[in-house]
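With TSV, C-alpha atoms inside, this is upload.tsv:
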```tsv
chain	number	residue	atom	x	y	z
A	1004	MET	CA	105.86	187.38	73.92
A	1005	TYR	CA	103.57	190.22	72.97
A	1006	THR	CA	102.51	191.91	69.77
A	1007	LEU	CA	100.99	195.28	68.99
A	1008	GLN	CA	97.23	195.69	68.65
A	1009	THR	CA	97.33	198.83	66.47
A	1010	ILE	CA	99.65	201.09	64.52
A	1011	GLU	CA	101.35	203.66	66.76
A	1012	THR	CA	103.41	206.76	65.95
A	1013	PHE	CA	105.89	208.80	67.97
A	1014	ALA	CA	108.00	211.82	66.99
A	1015	GLN	CA	110.74	213.78	68.69
A	1016	GLU	CA	113.44	216.29	67.88
A	1017	ILE	CA	117.04	215.52	68.80
A	1018	ARG	CA	119.63	218.25	68.21
A	1019	LYS	CA	117.54	219.79	65.42
A	1020	SER	CA	117.00	216.46	63.59
A	1021	ARG	CA	113.40	215.24	63.56
A	1022	PHE	CA	112.77	211.54	64.18
A	1023	GLN	CA	109.40	209.88	63.57
A	1024	ALA	CA	108.67	206.24	64.40
A	1025	VAL	CA	105.73	204.19	63.16
A	1026	SER	CA	105.21	200.71	64.60
A	1027	GLY	CA	102.56	198.12	63.91
A	1028	PRO	CA	101.59	194.45	63.91
A	1029	ILE	CA	102.58	192.20	61.00
A	1030	THR	CA	102.13	188.50	60.26
A	1031	SER	CA	104.74	187.72	57.60
A	1032	GLU	CA	107.77	188.98	55.70
A	1033	ALA	CA	105.49	190.16	52.88
A	1034	ALA	CA	103.40	192.13	55.40
A	1035	ALA	CA	106.60	193.64	56.83
A	1036	LYS	CA	107.77	194.78	53.38
A	1037	ASN	CA	104.36	196.32	52.73
A	1038	PHE	CA	104.37	198.07	56.13
A	1039	ILE	CA	107.82	199.56	55.43
A	1040	GLU	CA	106.78	200.74	51.97
A	1041	VAL	CA	103.57	202.35	53.23
A	1042	HIS	CA	105.11	204.06	56.28
A	1043	SER	CA	108.42	205.29	54.83
A	1044	GLU	CA	108.42	209.07	54.40
A	1045	SER	CA	109.59	210.16	50.95
A	1046	SER	CA	110.60	213.61	52.28
A	1047	ALA	CA	112.89	212.12	54.96
A	1048	GLY	CA	116.62	211.71	54.43
A	1049	HIS	CA	116.57	208.23	55.97
A	1050	ASN	CA	113.87	205.60	56.54
A	1051	CYS	CA	115.48	203.01	58.78
A	1052	TRP	CA	113.55	199.94	59.86
A	1053	ALA	CA	113.45	196.58	61.58
A	1054	TRP	CA	110.92	193.79	61.94
A	1055	ARG	CA	110.56	190.42	63.64
A	1056	VAL	CA	108.23	187.47	62.92
A	1057	GLY	CA	109.23	184.58	65.19
A	1058	ALA	CA	112.85	183.63	64.54
A	1059	VAL	CA	112.94	185.63	61.27
A	1060	TYR	CA	114.03	189.27	61.44
A	1061	ARG	CA	115.53	191.96	59.21
A	1062	PHE	CA	116.82	195.48	59.73
A	1063	ASN	CA	118.17	198.26	57.52
A	1064	ASP	CA	120.23	201.42	58.16
A	1065	ASP	CA	119.11	203.16	54.91
A	1066	GLY	CA	122.36	205.04	54.39
A	1067	GLU	CA	123.15	205.79	58.04
A	1068	PRO	CA	126.51	204.44	59.31
A	1069	SER	CA	126.41	200.65	59.66
A	1070	GLY	CA	124.82	199.44	62.90
A	1071	THR	CA	123.54	202.85	64.02
A	1072	ALA	CA	119.86	202.62	63.04
A	1073	GLY	CA	118.33	199.28	62.03
A	1074	LYS	CA	119.99	197.21	64.73
A	1075	PRO	CA	119.01	199.60	67.59
A	1076	ILE	CA	115.42	199.52	66.28
A	1077	LEU	CA	115.46	195.70	66.34
A	1078	GLN	CA	116.92	195.82	69.87
A	1079	ALA	CA	113.99	198.03	70.91
A	1080	ILE	CA	111.58	195.39	69.55
A	1081	ASP	CA	113.42	192.55	71.31
A	1082	GLY	CA	113.92	194.55	74.50
A	1083	GLN	CA	110.15	194.78	74.95
A	1084	SER	CA	109.60	191.05	74.19
A	1085	LEU	CA	107.64	191.80	71.03
A	1086	ASP	CA	106.95	189.53	68.06
A	1087	ASN	CA	105.12	190.03	64.75
A	1088	VAL	CA	106.10	193.71	64.79
A	1089	ALA	CA	107.61	196.18	62.29
A	1090	VAL	CA	109.03	199.63	63.03
A	1091	VAL	CA	110.05	202.39	60.61
A	1092	VAL	CA	111.99	205.39	61.94
A	1093	SER	CA	112.27	208.32	59.54
A	1094	ARG	CA	114.88	211.06	60.05
A	1095	TRP	CA	114.95	214.60	58.72
A	1096	PHE	CA	118.52	215.93	59.18
A	1097	GLY	CA	118.74	219.17	61.16
A	1098	GLY	CA	122.32	220.17	60.35
A	1099	ILE	CA	124.03	218.88	63.52
A	1100	LEU	CA	125.94	215.59	63.32
A	1101	LEU	CA	124.95	213.20	66.09
A	1102	GLY	CA	127.88	210.80	65.88
A	1103	THR	CA	127.65	207.02	66.08
A	1104	GLY	CA	126.52	206.86	69.70
A	1105	GLY	CA	124.03	209.67	69.19
A	1106	LEU	CA	122.47	207.94	66.19
A	1107	ILE	CA	122.19	204.64	68.07
A	1108	ARG	CA	120.46	206.38	71.00
A	1109	ALA	CA	118.22	208.45	68.73
A	1110	TYR	CA	116.99	205.60	66.53
A	1111	GLY	CA	116.73	203.05	69.34
A	1112	GLY	CA	115.15	205.55	71.75
A	1113	THR	CA	112.58	206.79	69.24
A	1114	ALA	CA	111.58	203.21	68.35
A	1115	ALA	CA	111.41	202.19	72.03
A	1116	ALA	CA	109.22	205.17	72.96
A	1117	CYS	CA	106.87	204.39	70.08
A	1118	LEU	CA	106.62	200.73	71.11
A	1119	ARG	CA	106.04	201.59	74.79
A	1120	ALA	CA	103.08	203.79	73.81
A	1121	ALA	CA	101.39	201.08	71.71
A	1122	PRO	CA	98.68	198.82	73.14
A	1123	LYS	CA	99.89	195.22	73.29
A	1124	SER	CA	98.38	191.75	73.44
A	1125	LEU	CA	99.84	188.41	74.45
A	1126	VAL	CA	101.00	186.12	71.63
A	1127	VAL	CA	100.02	182.52	72.33
A	1128	PRO	CA	101.44	179.91	69.93
A	1129	ARG	CA	98.53	177.77	68.72
A	1130	VAL	CA	98.31	174.62	66.62
A	1131	PRO	CA	95.43	173.28	64.51
A	1132	ALA	CA	93.51	170.39	66.06
A	1133	GLN	CA	90.25	168.45	65.54
A	1134	VAL	CA	87.72	166.80	67.80
A	1135	ARG	CA	84.92	164.54	66.54
A	1136	ALA	CA	82.01	164.46	68.98
A	1137	GLY	CA	78.68	162.66	68.81
A	1138	PHE	CA	75.45	164.62	69.18
A	1139	ALA	CA	75.05	163.43	72.80
A	1140	ASP	CA	78.50	164.84	73.75
A	1141	LEU	CA	78.67	167.90	71.49
A	1142	ALA	CA	77.25	170.54	73.85
A	1143	ILE	CA	79.42	169.58	76.82
A	1144	VAL	CA	82.54	169.22	74.64
A	1145	LYS	CA	82.06	172.71	73.15
A	1146	THR	CA	81.34	174.26	76.55
A	1147	ARG	CA	84.42	172.71	78.15
A	1148	LEU	CA	86.66	173.55	75.18
A	1149	LEU	CA	85.63	177.21	75.27
A	1150	SER	CA	86.67	177.37	78.94
A	1151	VAL	CA	90.32	176.75	77.92
A	1152	PRO	CA	92.21	180.08	77.73
A	1153	TYR	CA	93.14	181.17	74.19
A	1154	LEU	CA	91.48	178.15	72.55
A	1155	SER	CA	89.06	178.95	69.76
A	1156	ILE	CA	86.69	176.81	67.70
A	1157	GLU	CA	87.50	177.81	64.12
A	1158	ASP	CA	84.98	175.59	62.31
A	1159	GLU	CA	82.17	173.14	63.02
A	1160	VAL	CA	81.09	170.61	60.38
A	1161	PHE	CA	78.08	168.40	61.11
A	1162	THR	CA	78.13	164.73	60.18
A	1163	ALA	CA	75.54	161.97	60.46
A	1164	GLU	CA	76.86	161.05	63.94
A	1165	GLY	CA	77.64	164.50	65.36
A	1166	ALA	CA	80.15	167.17	64.46
A	1167	GLU	CA	83.83	167.68	63.72
A	1168	LEU	CA	85.28	170.74	65.46
A	1169	THR	CA	88.37	172.44	64.10
A	1170	LEU	CA	90.33	174.17	66.86
A	1171	ALA	CA	93.13	176.68	67.24
A	1172	LEU	CA	94.71	175.11	70.33
A	1173	PRO	CA	97.40	176.69	72.52
A	1174	GLU	CA	100.47	174.45	72.32
A	1175	ARG	CA	100.88	174.37	76.09
A	1176	GLU	CA	97.30	173.04	76.52
A	1177	ILE	CA	97.52	169.96	74.25
A	1178	THR	CA	97.87	167.43	77.08
A	1179	ASN	CA	95.15	169.07	79.20
A	1180	VAL	CA	92.68	169.29	76.30
A	1181	ARG	CA	93.37	165.71	75.24
A	1182	ARG	CA	92.53	164.57	78.79
A	1183	LEU	CA	89.50	166.89	79.00
A	1184	VAL	CA	87.96	165.58	75.76
A	1185	GLY	CA	88.49	161.97	76.80
A	1186	ASP	CA	87.10	162.54	80.30
A	1187	VAL	CA	83.90	164.40	79.35
A	1188	THR	CA	83.01	161.86	76.65
A	1189	SER	CA	84.17	158.73	78.53
A	1190	GLY	CA	86.67	158.10	75.73
A	1191	ARG	CA	84.17	158.34	72.85
A	1192	SER	CA	85.98	161.42	71.43
A	1193	ILE	CA	89.66	162.10	71.00
A	1194	LEU	CA	91.78	165.12	70.17
A	1195	LEU	CA	93.73	164.97	66.89
A	1196	VAL	CA	96.56	167.51	66.70
A	1197	SER	CA	97.90	168.52	63.28
A	1198	THR	CA	101.66	168.92	63.12
```
I need this file expressed as structure tokens, please.
Amino acid sequence: MYTLQTIETFAQEIRKSRFQAVSGPITSEAAAKNFIEVHSESSAGHNCWAWRVGAVYRFNDDGEPSGTAGKPILQAIDGQSLDNVAVVVSRWFGGILLGTGGLIRAYGGTAAACLRAAPKSLVVPRVPAQVRAGFADLAIVKTRLLSVPYLSIEDEVFTAEGAELTLALPEREITNVRRLVGDVTSGRSILLVST
């Protein structure tokens, strides 16, 4: 899965109607609602939208015939394997009716073109974890942990014996990191994964 790095816009005219898409990264339903509110055009006849955050998604046709706007926008998001993304497509009517199929193609196509143009980054599911390391092991533990792709050390709290490291650990690396921590410290440190 991928997400967008920045907000992207795309506009096109289809049979005298103007369509403008704005897409961007979001992290929650509240962020999606805010994105839609900020990027809806008050002068447009319709502001149709869709968003996805993990398994949670919503879409809206904003007065267009049912299934002709919001769902095609969501399909554009899903078709490009995107997550944590919101898209608003605004339409200014040009006087020519597009029909059901035309609306589906126009909304879905405008959203898809906008999403294709946006820079993307890989989404790696991560879980919180902790490692307690003594002073003698701390440098090697930190060095080896930072060599794991997509792992980050979020916090480091020093204690009388060493330090407690708080990690954002890729889910797929739990077994490897558990083994790595045990091996480099000869079992003196262990990985604790929060669930």
Within 9 Å of A:Glu1174, counting only C-alpha atoms, which residues qualify if same-chain residues fewer than 5 places away don't, as an mmCIF file with C-alpha atoms, in the coordinates of the input?
```
data_model
loop_
_atom_site.group_PDB
_atom_site.id
_atom_site.type_symbol
_atom_site.label_atom_id
_atom_site.label_comp_id
_atom_site.auth_asym_id
_atom_site.auth_seq_id
_atom_site.Cartn_x
_atom_site.Cartn_y
_atom_site.Cartn_z
ATOM 1 C CA VAL A 1127 100.020 182.520 72.330
ATOM 2 C CA PRO A 1128 101.440 179.910 69.930
ATOM 3 C CA ARG A 1129 98.530 177.770 68.720
ATOM 4 C CA VAL A 1130 98.310 174.620 66.620
#
```
Exercise. Stretch 1164-1167 of chain A: which residues within 6 Å, counting all atoms listed in the file, same-chain residues fewer than 6 positions away excluded, as a ChimeraX atom specification?
Worked result: /A:1134-1138
Exercise. Given the choices A:Thr1009, A:Ser1020, A:Gln1015, A:Thr1030, which gets closest to A:Asn1087 if the distance is worked out from all atoms listed in the file?
Worked result: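 Closest to A:Asn1087, using all atoms listed in the file: A:Thr1030.
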Exercise. For A:Leu1148, which residue among A:Val1160, A:Val1025, A:Ala1120, A:Val1187 is the nearest when counting only C-alpha atoms?
Worked result: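 Smallest distance to A:Leu1148 is found for A:Val1187.
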For this session: Show which residues sit within 12 Å of A:Leu1183, as a ChimeraX atom specification. Count only C-alpha atoms, and ignore same-chain residues fewer than 6 positions away.
Result: /A:1134,1143-1151,1176-1177,1189-1194
Exercise. With distances taken over only C-alpha atoms, which of A:Thr1071, A:Thr1113, A:Gln1133, A:Ser1124 is nearest to A:Ser1093?
Worked result: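 Looking only at the distances to A:Ser1093, the closest residue turns out to be A:Thr1113.
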Exercise. Which residues, written as a PyMOL selection string, have at least one atom at most 7 Å from stretch 1039-1055 of chain A, with all atoms listed in the file counted and residues fewer than 3 positions away on the same chain left out?
Worked result: chain A and resi 1025+1035-1036+1059-1066+1072-1073+1076-1077+1086-1096
Exercise. Using only C-alpha atoms, which residues sit within 12 Å of A:Arg1018 once same-chain residues fewer than 2 positions away are excluded, as a list of chain:residue names?
Worked result: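 Contacts, with the query itself left out: A:Gln1015, A:Glu1016, A:Ser1020, A:Arg1021, A:Phe1022, A:Arg1094, A:Trp1095, A:Phe1096, A:Gly1097, A:Gly1098, A:Ile1099, A:Leu1100, A:Leu1101, A:Gly1102, A:Gly1105, A:Leu1106, A:Ala1109.
Distance check against A:Ala1132 using only C-alpha atoms: of A:Pro1173, A:Gly1027, A:Gly1082, A:Gly1057, the minimum falls on A:Pro1173.
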Seminar exercise, completed: Between atom CA of A:Pro1068 and atom CA of A:Gly1112 lies a distance of 16.9 Å
Exercise. What gap, in Å, lies between atom CA of A:Ile1017 and atom CA of A:Ile1107?
Worked result: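 Taking atom CA of A:Ile1017 and atom CA of A:Ile1107, their separation equals 12.1 Å.
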Exercise. Looking at A:Ala1058, A:Ala1116, A:Ala1014, A:Leu1007, which one is nearest to A:Ala1079, with distances taken over all atoms listed in the file?
Worked result: A:Ala1116
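For the pair atom CA of A:Glu1032 and atom CA of A:Ile1156, the separation is 27.1 Å.
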For this session: Measuring atom to atom with all atoms listed in the file, identify which of A:Pro1131, A:Gly1185, A:Pro1152, A:Gly1104 is nearest to A:Ala1171.
Result: A:Pro1131
Requested file, stretch 1052-1122 of chain A restricted to C-alpha atoms, as a PDB file, in the first residue's frame:
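Written out: out29.pdb:
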```pdb
ATOM      1  CA  TRP A1052     -15.584  12.874  -2.430  1.00  0.00           C
ATOM      2  CA  ALA A1053     -14.157   9.639  -1.113  1.00  0.00           C
ATOM      3  CA  TRP A1054     -11.532   8.673   1.436  1.00  0.00           C
ATOM      4  CA  ARG A1055      -9.895   5.563   2.858  1.00  0.00           C
ATOM      5  CA  VAL A1056      -8.003   4.986   6.135  1.00  0.00           C
ATOM      6  CA  GLY A1057      -7.238   1.271   6.433  1.00  0.00           C
ATOM      7  CA  ALA A1058     -10.474  -0.716   6.368  1.00  0.00           C
ATOM      8  CA  VAL A1059     -12.582   2.420   6.992  1.00  0.00           C
ATOM      9  CA  TYR A1060     -13.832   4.356   3.967  1.00  0.00           C
ATOM     10  CA  ARG A1061     -16.621   6.749   3.001  1.00  0.00           C
ATOM     11  CA  PHE A1062     -17.829   8.319  -0.229  1.00  0.00           C
ATOM     12  CA  ASN A1063     -20.492  10.834  -1.230  1.00  0.00           C
ATOM     13  CA  ASP A1064     -22.229  11.729  -4.517  1.00  0.00           C
ATOM     14  CA  ASP A1065     -23.293  15.237  -3.344  1.00  0.00           C
ATOM     15  CA  GLY A1066     -26.492  15.323  -5.371  1.00  0.00           C
ATOM     16  CA  GLU A1067     -25.228  13.482  -8.457  1.00  0.00           C
ATOM     17  CA  PRO A1068     -27.155  10.289  -9.374  1.00  0.00           C
ATOM     18  CA  SER A1069     -26.421   7.502  -6.880  1.00  0.00           C
ATOM     19  CA  GLY A1070     -23.182   5.629  -7.565  1.00  0.00           C
ATOM     20  CA  THR A1071     -21.917   7.989 -10.282  1.00  0.00           C
ATOM     21  CA  ALA A1072     -19.384  10.069  -8.333  1.00  0.00           C
ATOM     22  CA  GLY A1073     -18.274   9.008  -4.851  1.00  0.00           C
ATOM     23  CA  LYS A1074     -17.914   5.310  -5.620  1.00  0.00           C
ATOM     24  CA  PRO A1075     -15.824   5.869  -8.802  1.00  0.00           C
ATOM     25  CA  ILE A1076     -13.559   8.202  -6.782  1.00  0.00           C
ATOM     26  CA  LEU A1077     -13.100   5.484  -4.135  1.00  0.00           C
ATOM     27  CA  GLN A1078     -12.389   2.959  -6.909  1.00  0.00           C
ATOM     28  CA  ALA A1079      -9.654   5.294  -8.208  1.00  0.00           C
ATOM     29  CA  ILE A1080      -8.089   5.313  -4.716  1.00  0.00           C
ATOM     30  CA  ASP A1081      -8.306   1.522  -4.395  1.00  0.00           C
ATOM     31  CA  GLY A1082      -7.208   0.941  -7.990  1.00  0.00           C
ATOM     32  CA  GLN A1083      -3.868   2.599  -7.242  1.00  0.00           C
ATOM     33  CA  SER A1084      -3.384   0.674  -3.950  1.00  0.00           C
ATOM     34  CA  LEU A1085      -3.588   3.838  -1.857  1.00  0.00           C
ATOM     35  CA  ASP A1086      -4.374   4.209   1.838  1.00  0.00           C
ATOM     36  CA  ASN A1087      -4.741   7.213   4.155  1.00  0.00           C
ATOM     37  CA  VAL A1088      -5.973   9.293   1.216  1.00  0.00           C
ATOM     38  CA  ALA A1089      -8.887  11.683   0.576  1.00  0.00           C
ATOM     39  CA  VAL A1090     -10.070  13.019  -2.789  1.00  0.00           C
ATOM     40  CA  VAL A1091     -12.581  15.792  -3.529  1.00  0.00           C
ATOM     41  CA  VAL A1092     -13.810  16.250  -7.108  1.00  0.00           C
ATOM     42  CA  SER A1093     -15.718  19.476  -7.754  1.00  0.00           C
ATOM     43  CA  ARG A1094     -17.922  19.899 -10.845  1.00  0.00           C
ATOM     44  CA  TRP A1095     -19.135  23.054 -12.529  1.00  0.00           C
ATOM     45  CA  PHE A1096     -21.993  22.074 -14.891  1.00  0.00           C
ATOM     46  CA  GLY A1097     -21.477  23.141 -18.503  1.00  0.00           C
ATOM     47  CA  GLY A1098     -25.006  22.621 -19.833  1.00  0.00           C
ATOM     48  CA  ILE A1099     -24.530  19.190 -21.458  1.00  0.00           C
ATOM     49  CA  LEU A1100     -25.823  16.122 -19.610  1.00  0.00           C
ATOM     50  CA  LEU A1101     -23.191  13.405 -19.357  1.00  0.00           C
ATOM     51  CA  GLY A1102     -25.439  10.484 -18.454  1.00  0.00           C
ATOM     52  CA  THR A1103     -24.694   7.851 -15.831  1.00  0.00           C
ATOM     53  CA  GLY A1104     -21.743   6.283 -17.649  1.00  0.00           C
ATOM     54  CA  GLY A1105     -20.302   9.680 -18.531  1.00  0.00           C
ATOM     55  CA  LEU A1106     -20.455  10.842 -14.915  1.00  0.00           C
ATOM     56  CA  ILE A1107     -18.793   7.641 -13.678  1.00  0.00           C
ATOM     57  CA  ARG A1108     -15.964   8.051 -16.213  1.00  0.00           C
ATOM     58  CA  ALA A1109     -15.612  11.780 -15.539  1.00  0.00           C
ATOM     59  CA  TYR A1110     -15.449  11.568 -11.742  1.00  0.00           C
ATOM     60  CA  GLY A1111     -13.389   8.373 -11.629  1.00  0.00           C
ATOM     61  CA  GLY A1112     -11.064   9.529 -14.424  1.00  0.00           C
ATOM     62  CA  THR A1113     -10.463  12.959 -12.897  1.00  0.00           C
ATOM     63  CA  ALA A1114      -9.694  11.417  -9.492  1.00  0.00           C
ATOM     64  CA  ALA A1115      -7.414   8.773 -11.038  1.00  0.00           C
ATOM     65  CA  ALA A1116      -5.447  11.359 -13.044  1.00  0.00           C
ATOM     66  CA  CYS A1117      -4.988  13.488  -9.926  1.00  0.00           C
ATOM     67  CA  LEU A1118      -3.777  10.488  -7.910  1.00  0.00           C
ATOM     68  CA  ARG A1119      -1.382   9.341 -10.659  1.00  0.00           C
ATOM     69  CA  ALA A1120       0.269  12.778 -10.660  1.00  0.00           C
ATOM     70  CA  ALA A1121       0.832  12.826  -6.878  1.00  0.00           C
ATOM     71  CA  PRO A1122       4.138  11.732  -5.325  1.00  0.00           C
TER      72      PRO A1122
END
```
